[in-house]
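Text of structure10.cif, listed as mmCIF, C-alpha atoms:
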```
data_query
loop_
_atom_site.label_atom_id
_atom_site.label_comp_id
_atom_site.auth_asym_id
_atom_site.auth_seq_id
_atom_site.Cartn_x
_atom_site.Cartn_y
_atom_site.Cartn_z
CA MET A 1019 49.61 23.82 138.10
CA LYS A 1020 52.12 24.44 135.32
CA ALA A 1021 53.49 27.57 136.93
CA LYS A 1022 53.96 25.75 140.23
CA ILE A 1023 55.89 23.03 138.42
CA LEU A 1024 57.97 25.66 136.65
CA LEU A 1025 58.64 27.28 140.02
CA PHE A 1026 59.73 23.98 141.54
CA GLY A 1027 61.86 23.09 138.52
CA MET A 1028 63.57 26.45 138.40
CA THR A 1029 64.19 26.35 142.14
CA LEU A 1030 65.81 22.93 141.92
CA PHE A 1031 67.81 23.98 138.87
CA LEU A 1032 69.08 27.18 140.42
CA LEU A 1033 69.78 25.59 143.79
CA THR A 1034 71.94 23.07 141.96
CA PHE A 1035 73.59 25.96 140.14
CA ALA A 1036 74.16 27.70 143.45
CA SER A 1037 75.84 24.63 144.92
CA CYS A 1038 78.60 24.96 142.34
CA ASN A 1039 79.38 28.40 143.73
CA LYS A 1040 79.17 27.59 147.44
CA ASP A 1041 82.81 28.49 147.93
CA ASP A 1042 81.94 32.02 146.80
CA GLU A 1043 78.80 32.51 148.91
CA GLY A 1044 80.39 35.41 150.74
CA ASN A 1045 80.96 37.21 147.41
CA SER A 1046 78.18 39.56 146.29
CA SER A 1047 78.38 38.11 142.78
CA SER A 1048 77.57 34.54 143.83
CA LEU A 1049 74.19 32.87 144.17
CA THR A 1050 72.53 32.19 147.51
CA SER A 1051 69.58 29.97 148.31
CA GLU A 1052 67.35 32.98 149.00
CA GLU A 1053 68.24 34.56 145.65
CA THR A 1054 67.59 31.38 143.69
CA MET A 1055 64.19 30.98 145.31
CA THR A 1056 63.37 34.58 144.41
CA ASN A 1057 64.47 34.11 140.79
CA ALA A 1058 62.11 31.17 140.50
CA LYS A 1059 59.25 33.20 141.99
CA MET A 1060 59.87 36.02 139.50
CA ASP A 1061 59.86 33.55 136.58
CA ALA A 1062 56.47 32.22 137.67
CA ALA A 1063 55.10 35.74 138.20
CA ALA A 1064 56.23 36.98 134.77
CA ASP A 1065 54.63 33.95 133.14
CA ASP A 1066 51.30 34.52 134.89
CA VAL A 1067 51.28 38.24 134.10
CA SER A 1068 51.96 37.60 130.40
CA LYS A 1069 49.11 35.07 130.29
CA ILE A 1070 46.69 37.52 131.92
CA ILE A 1071 47.59 40.37 129.55
CA ASP A 1072 47.22 38.19 126.47
CA ASP A 1073 43.96 36.78 127.80
CA GLN A 1074 42.46 40.21 128.44
CA TYR A 1075 43.50 41.52 125.02
CA ASN A 1076 41.81 38.52 123.36
CA VAL A 1077 38.61 38.99 125.37
CA GLN A 1078 38.47 42.70 124.53
CA GLU A 1079 39.23 42.14 120.85
CA ASN A 1080 36.41 39.64 120.53
CA SER A 1081 33.94 41.36 122.86
CA LYS A 1082 31.58 42.17 119.98
CA MET A 1083 31.82 38.70 118.45
CA VAL A 1084 32.38 35.29 119.99
CA VAL A 1085 33.75 35.73 123.51
CA PRO A 1086 36.83 33.53 123.95
CA ALA A 1087 37.31 31.41 127.02
CA SER A 1088 39.20 33.32 129.72
CA ILE A 1089 41.91 31.89 131.97
CA LEU A 1090 40.79 34.11 134.86
CA PRO A 1091 39.27 32.38 137.90
CA SER A 1092 35.77 33.30 139.06
CA CYS A 1093 37.19 35.19 142.06
CA ALA A 1094 38.67 37.83 139.71
CA THR A 1095 36.48 40.83 138.89
CA VAL A 1096 37.00 42.65 135.58
CA THR A 1097 35.82 46.19 134.94
CA THR A 1098 35.99 47.54 131.38
CA VAL A 1099 35.94 51.21 130.42
CA VAL A 1100 36.16 52.56 126.87
CA THR A 1101 37.15 56.22 126.56
CA GLY A 1102 37.54 57.60 123.06
CA ASN A 1103 39.78 55.15 121.21
CA THR A 1104 41.21 53.49 124.33
CA TRP A 1105 39.95 50.48 126.26
CA THR A 1106 41.00 49.78 129.84
CA ARG A 1107 40.39 46.53 131.68
CA THR A 1108 40.95 46.51 135.44
CA ILE A 1109 41.37 43.03 136.89
CA ASP A 1110 40.77 42.96 140.63
CA PHE A 1111 41.90 39.79 142.41
CA GLY A 1112 40.67 41.00 145.81
CA THR A 1113 42.59 41.39 149.03
CA THR A 1114 42.55 37.88 150.49
CA GLY A 1115 43.98 35.78 147.67
CA CYS A 1116 42.52 34.59 144.39
CA ASP A 1117 43.96 31.37 142.96
CA MET A 1118 44.77 31.03 139.26
CA PRO A 1119 44.07 27.65 137.59
CA ASN A 1120 47.77 26.80 138.05
CA GLY A 1121 47.50 27.29 141.83
CA ASN A 1122 49.35 30.60 142.18
CA SER A 1123 47.62 33.03 144.54
CA LEU A 1124 47.07 36.62 143.37
CA ARG A 1125 45.71 39.71 145.11
CA GLY A 1126 45.51 43.32 144.15
CA THR A 1127 44.97 44.75 140.70
CA ILE A 1128 46.42 44.58 137.19
CA ILE A 1129 45.39 47.36 134.79
CA VAL A 1130 45.60 46.60 131.06
CA SER A 1131 44.82 49.09 128.28
CA GLY A 1132 45.15 49.55 124.53
CA SER A 1133 43.65 51.00 121.37
CA THR A 1134 40.16 50.08 120.19
CA ASP A 1135 41.50 49.86 116.63
CA PHE A 1136 42.12 46.13 116.43
CA ASN A 1137 42.70 46.34 112.66
CA GLN A 1138 46.10 47.95 113.04
CA SER A 1139 49.07 45.68 112.33
CA THR A 1140 50.82 46.51 115.60
CA HIS A 1141 48.99 46.91 118.89
CA THR A 1142 50.72 48.34 121.97
CA ILE A 1143 49.24 47.19 125.26
CA HIS A 1144 50.09 49.00 128.49
CA TYR A 1145 49.96 47.27 131.83
CA SER A 1146 50.58 48.32 135.42
CA PHE A 1147 50.02 47.07 138.94
CA LEU A 1148 48.17 48.44 141.94
CA HIS A 1149 48.94 46.78 145.28
CA PHE A 1150 49.48 43.59 143.30
CA TYR A 1151 50.88 40.50 144.99
CA HIS A 1152 51.87 37.20 143.39
CA ASN A 1153 52.19 34.54 146.08
CA ASN A 1154 52.76 37.33 148.67
CA THR A 1155 55.48 39.03 146.62
CA LEU A 1156 54.68 42.68 145.82
CA ILE A 1157 55.16 43.49 142.12
CA GLU A 1158 55.44 47.04 140.80
CA GLY A 1159 56.13 48.56 137.40
CA ASN A 1160 54.63 50.12 134.28
CA ASN A 1161 55.36 48.19 131.12
CA THR A 1162 54.20 47.49 127.57
CA VAL A 1163 53.48 44.56 125.32
CA VAL A 1164 53.81 45.10 121.57
CA ARG A 1165 51.48 42.63 119.88
CA THR A 1166 51.64 41.89 116.16
CA LEU A 1167 50.24 39.36 113.74
CA GLU A 1168 53.22 37.82 111.98
CA SER A 1169 54.37 34.96 109.82
CA THR A 1170 57.42 33.32 111.40
CA ASN A 1171 59.58 30.25 110.96
CA ALA A 1172 57.52 28.54 113.65
CA ASN A 1173 54.21 29.17 111.87
CA ALA A 1174 53.87 30.45 108.30
CA ASN A 1175 50.30 31.61 108.90
CA LEU A 1176 49.63 34.98 110.52
CA HIS A 1177 49.51 34.50 114.30
CA PRO A 1178 49.97 36.64 117.46
CA VAL A 1179 53.47 37.50 118.63
CA ALA A 1180 53.65 39.48 121.88
CA ASN A 1181 56.89 41.23 122.86
CA MET A 1182 56.68 42.02 126.57
CA THR A 1183 59.03 44.54 128.15
CA ILE A 1184 60.06 43.62 131.65
CA HIS A 1185 60.98 46.33 134.12
CA MET A 1186 59.56 45.14 137.38
CA THR A 1187 60.36 45.57 141.04
CA PHE A 1188 59.74 42.64 143.37
CA THR A 1189 59.52 43.17 147.13
CA LEU A 1190 59.55 40.10 149.33
CA VAL A 1191 57.80 39.72 152.67
CA ASN A 1192 61.18 40.22 154.40
CA GLY A 1193 61.63 43.60 152.66
CA ASN A 1194 64.32 42.54 150.17
CA VAL A 1195 63.92 44.31 146.81
CA TYR A 1196 64.84 42.81 143.43
CA THR A 1197 64.59 44.27 139.94
CA ARG A 1198 64.31 42.49 136.62
CA VAL A 1199 64.90 44.18 133.27
CA GLY A 1200 64.64 42.57 129.84
CA ASN A 1201 62.08 41.24 127.41
CA ARG A 1202 59.94 38.17 126.90
CA VAL A 1203 58.43 37.21 123.52
CA ARG A 1204 55.33 34.99 123.60
CA GLU A 1205 54.33 33.55 120.23
CA MET A 1206 51.07 31.65 119.81
CA VAL A 1207 51.89 28.97 117.26
CA VAL A 1208 48.80 26.75 117.66
CA GLY A 1209 45.18 27.55 118.57
CA TYR A 1210 44.73 31.10 117.30
CA ASP A 1211 41.86 30.05 115.02
CA THR A 1212 39.83 28.62 117.94
CA PRO A 1213 39.49 31.54 120.39
CA ASP A 1214 36.76 29.86 122.43
CA VAL A 1215 38.99 26.85 123.23
CA TRP A 1216 42.13 27.59 125.27
CA LEU A 1217 43.26 24.00 125.88
CA ASP A 1218 44.49 23.68 122.27
CA ASN A 1219 46.77 26.73 122.55
CA GLU A 1220 50.52 26.32 122.20
CA PHE A 1221 53.14 29.02 122.73
CA LEU A 1222 56.84 29.49 122.09
CA ILE A 1223 58.62 31.71 124.62
CA THR A 1224 61.94 33.47 123.97
CA GLY A 1225 63.72 36.35 125.68
CA SER A 1226 66.45 37.44 128.04
CA TRP A 1227 66.64 39.44 131.24
CA VAL A 1228 68.99 40.65 133.95
CA THR A 1229 68.11 40.32 137.62
CA THR A 1230 69.64 42.74 140.11
CA LEU A 1231 69.78 41.51 143.69
CA PRO A 1232 69.69 43.48 146.96
CA ASN A 1233 73.46 43.04 147.40
CA GLY A 1234 74.17 44.54 143.97
CA GLY A 1235 74.97 41.29 142.21
CA THR A 1236 73.42 40.42 138.86
CA GLN A 1237 72.42 37.27 137.02
CA ASN A 1238 71.81 36.92 133.28
CA SER A 1239 69.14 34.57 131.96
CA THR A 1240 68.54 33.76 128.29
CA ILE A 1241 66.14 31.34 126.63
CA THR A 1242 68.56 29.81 124.13
CA THR A 1243 66.04 27.37 122.64
CA PRO A 1244 62.39 28.54 122.67
CA LEU A 1245 60.33 27.15 125.52
CA ARG A 1246 57.21 25.42 124.26
CA ILE A 1247 54.10 25.61 126.42
CA ARG A 1248 51.00 23.55 125.68
CA MET A 1249 47.93 24.54 127.64
CA ASN A 1250 46.81 20.90 127.83
CA CYS A 1251 50.04 19.90 129.61
CA ASN A 1252 51.11 20.79 133.15
CA HIS A 1253 54.79 21.00 132.15
CA ILE A 1254 56.96 22.98 129.77
CA VAL A 1255 57.46 20.35 127.07
CA SER A 1256 60.69 21.55 125.43
CA GLY A 1257 63.25 24.35 125.28
CA VAL A 1258 66.46 25.43 126.98
CA LEU A 1259 67.11 28.18 129.54
CA THR A 1260 70.70 29.32 130.05
CA VAL A 1261 71.82 31.14 133.20
CA THR A 1262 75.21 32.79 133.78
CA ARG A 1263 76.55 34.04 137.08
CA ASN A 1264 80.09 34.66 138.30
CA ASN A 1265 81.63 33.02 135.19
CA VAL A 1266 79.56 29.86 135.68
CA THR A 1267 77.08 28.73 132.99
CA ALA A 1268 74.18 26.37 133.59
CA THR A 1269 71.40 25.15 131.31
CA LEU A 1270 68.01 23.60 131.89
CA ASP A 1271 66.73 21.45 129.01
CA TYR A 1272 63.03 20.63 129.18
CA GLY A 1273 63.15 17.78 126.66
CA ASP A 1274 61.93 16.77 123.21
CA GLY A 1275 58.28 17.85 123.31
CA SER A 1276 56.81 15.01 125.34
CA CYS A 1277 54.42 15.95 128.14
CA ASP A 1278 56.51 14.71 131.05
CA ASN A 1279 58.23 16.05 134.14
CA ILE A 1280 61.78 15.15 133.16
CA ALA A 1281 64.47 17.76 132.45
CA VAL A 1282 68.26 17.82 132.19
CA VAL A 1283 70.45 20.28 134.07
CA THR A 1284 73.97 20.81 132.71
CA ILE A 1285 76.56 22.73 134.73
CA ASN A 1286 80.01 23.25 133.25
CA GLY A 1287 79.50 20.28 130.93
CA VAL A 1288 78.20 17.86 133.58
CA ALA A 1289 74.59 16.76 132.97
CA HIS A 1290 72.06 15.68 135.59
CA THR A 1291 68.57 14.31 134.92
CA ILE A 1292 65.95 15.73 137.29
CA THR A 1293 62.24 15.24 137.96
CA LEU A 1294 60.28 18.47 138.07
CA GLY A 1295 57.42 17.23 140.19
#
```
What is this file in structure tokens?
Amino acid sequence: MKAKILLFGMTLFLLTFASCNKDDEGNSSSLTSEETMTNAKMDAAADDVSKIIDDQYNVQENSKMVVPASILPSCATVTTVVTGNTWTRTIDFGTTGCDMPNGNSLRGTIIVSGSTDFNQSTHTIHYSFLHFYHNNTLIEGNNTVVRTLESTNANANLHPVANMTIHMTFTLVNGNVYTRVGNRVREMVVGYDTPDVWLDNEFLITGSWVTTLPNGGTQNSTITTPLRIRMNCNHIVSGVLTVTRNNVTATLDYGDGSCDNIAVVTINGVAHTITLG
């Protein structure tokens, strides 16, 4: 349900952002309601894809030891092939719709692959899509995740840090095509030492990306304060996302770490408290 709440929150946030530019709606550089809805859908899709890739890497890494709990629903079928020093996991969500635990419906296939040498300090994971739909939006692209074990300011112990390249094409049901280019860093700061329990996992998300719209306009998004995700909470608990478009800046502040549905939107210095759902 977390991704649905994120989708709703981002939609409300960006629709509010769009209302500040309503005088410019005829300009290709301004936001429209359709574009803001699509941005929110892409945010939710990128989050789900990053979870699935990380999940499948963890399952493969531990396949000869304790098998960690997987986030995949029972309607997803996974086929694993090891060729030489490469493993490939094909996740088939079927053709009619397979719901993730957060409620998002997936169909089609995600292909994830990497090296069988899990002792190396840096592990590059490749992922691609085959007729893959996220809530009826077609997603295409071939990308990588560079996964390392690092000591960071957030956690002095060695823990996974996954840098995900984003170069995806999104095609809506109405035929409109959007592209998103950038990166997303997902750092597991809590729960790495308990692979068979996913509810105790906590992540910090950073990154930035540019979205190109069908009319040629662009929008820049940057996580200016890391987003904290706790798997035992249905909401992002803290962090700030900053969006710029047509010389207007807006921020969405998710709060102080409490598991609640309250956030603060600030547009050109004016703050508004909102309920995410």
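From CA of Thr1166 (chain A) back to CA of Gly1275 (chain A), the distance works out to 25.9 Å.
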Which residues come within 9 Å of Ile1280 (chain A), counting all atoms listed in the file, excluding same-chain residues fewer than 2 positions away, as a list of chain:residue names?
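Once the nearby chain positions are removed, what remains is A:Tyr1272, A:Gly1273, A:Cys1277, A:Asp1278, A:Val1282, A:Thr1291, A:Ile1292, A:Thr1293, A:Leu1294, A:Gly1295.
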CA of Val1266 (chain A) to CA of Thr1284 (chain A), distance in Å rounded to a single decimal:
11.0 Å
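For the set A:Phe1221, A:Tyr1210, A:Trp1216, A:Phe1150, the residue with the smallest atom-to-atom gap to Thr1189 (chain A) is A:Phe1150, counting all atoms listed in the file.
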Excluding same-chain residues fewer than 3 positions from Ile1223 (chain A), what lies within 9 Å of it counting only C-alpha atoms, as a PDB file with C-alpha atoms, in the coordinates of the input?
```
ATOM      1  CA  ARG A1202      59.940  38.170 126.900  1.00  0.00           C
ATOM      2  CA  VAL A1203      58.430  37.210 123.520  1.00  0.00           C
ATOM      3  CA  ARG A1204      55.330  34.990 123.600  1.00  0.00           C
ATOM      4  CA  GLU A1205      54.330  33.550 120.230  1.00  0.00           C
ATOM      5  CA  MET A1206      51.070  31.650 119.810  1.00  0.00           C
ATOM      6  CA  ILE A1241      66.140  31.340 126.630  1.00  0.00           C
ATOM      7  CA  THR A1243      66.040  27.370 122.640  1.00  0.00           C
ATOM      8  CA  PRO A1244      62.390  28.540 122.670  1.00  0.00           C
ATOM      9  CA  LEU A1245      60.330  27.150 125.520  1.00  0.00           C
ATOM     10  CA  ARG A1246      57.210  25.420 124.260  1.00  0.00           C
ATOM     11  CA  ILE A1247      54.100  25.610 126.420  1.00  0.00           C
ATOM     12  CA  GLY A1257      63.250  24.350 125.280  1.00  0.00           C
TER      13      GLY A1257
END
```
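Put simply, CA of Arg1198 (chain A) is 8.4 Å away from CA of Met1060 (chain A).
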Selection under test: the PyMOL selection byres ((chain A and resi 1184) around 7); residues as number ranges by chain
A: 1161, 1182-1183, 1185-1186, 1198-1201
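The residues caught by the PyMOL selection byres ((chain A and resi 1176) around 10) in this file are Thr1166, Leu1167, Glu1168, Ser1169, Thr1170, Asn1173, Ala1174, Asn1175, His1177, Pro1178, Val1179, Met1206, Val1207 and Tyr1210 of chain A.
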Running the PyMOL selection byres ((chain A and resi 1108) around 7) on this model by hand, what would come out? Give it as a PyMOL selection string.
chain A and resi 1096-1098+1106-1107+1109-1110+1127-1130
Deliver the residues from the most recent selection as a file, using C-alpha atoms, as a tab-separated table (two decimals), in the coordinates of the input.
```
chain	number	residue	atom	x	y	z
A	1096	VAL	CA	37.00	42.65	135.58
A	1097	THR	CA	35.82	46.19	134.94
A	1098	THR	CA	35.99	47.54	131.38
A	1106	THR	CA	41.00	49.78	129.84
A	1107	ARG	CA	40.39	46.53	131.68
A	1109	ILE	CA	41.37	43.03	136.89
A	1110	ASP	CA	40.77	42.96	140.63
A	1127	THR	CA	44.97	44.75	140.70
A	1128	ILE	CA	46.42	44.58	137.19
A	1129	ILE	CA	45.39	47.36	134.79
A	1130	VAL	CA	45.60	46.60	131.06
```
If we count all atoms listed in the file, what is near Val1163 (chain A) at a cut-off of 6 Å, once residues fewer than 3 positions away on the same chain are taken out, given as JSON, numbers by chain?
{"A": [1142, 1143, 1181, 1182]}
Selected residue, from A:Thr1236, A:Gln1138, A:Thr1155, A:Ser1146, that lies nearest to Ser1068 (chain A) when counting all atoms listed in the file:
A:Ser1146
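Of the residues under consideration (A:Leu1124, A:Val1255, A:Leu1190, A:Ile1071), A:Ile1071 shows the shortest atom-to-atom contact distance to Val1164 (chain A) when counting all atoms listed in the file.
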Rank nothing, just name the residue among A:Val1077, A:Arg1165, A:Ser1133, A:Phe1188 nearest to Ala1063 (chain A), using all atoms listed in the file.
A:Phe1188
Which residue out of A:Leu1270, A:Val1191, A:Ile1285, A:Ala1094 has the minimum interatomic distance to Ser1239 (chain A) when only C-alpha atoms are used?
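Ranked by minimum distance to Ser1239 (chain A), first place goes to A:Leu1270.
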With all atoms listed in the file as the atoms that count, which of A:Asp1117, A:Asp1271, A:Asp1073, A:Glu1079 lies nearest to Asp1135 (chain A)?
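Using all atoms listed in the file, Asp1135 (chain A) sits closest to A:Glu1079.
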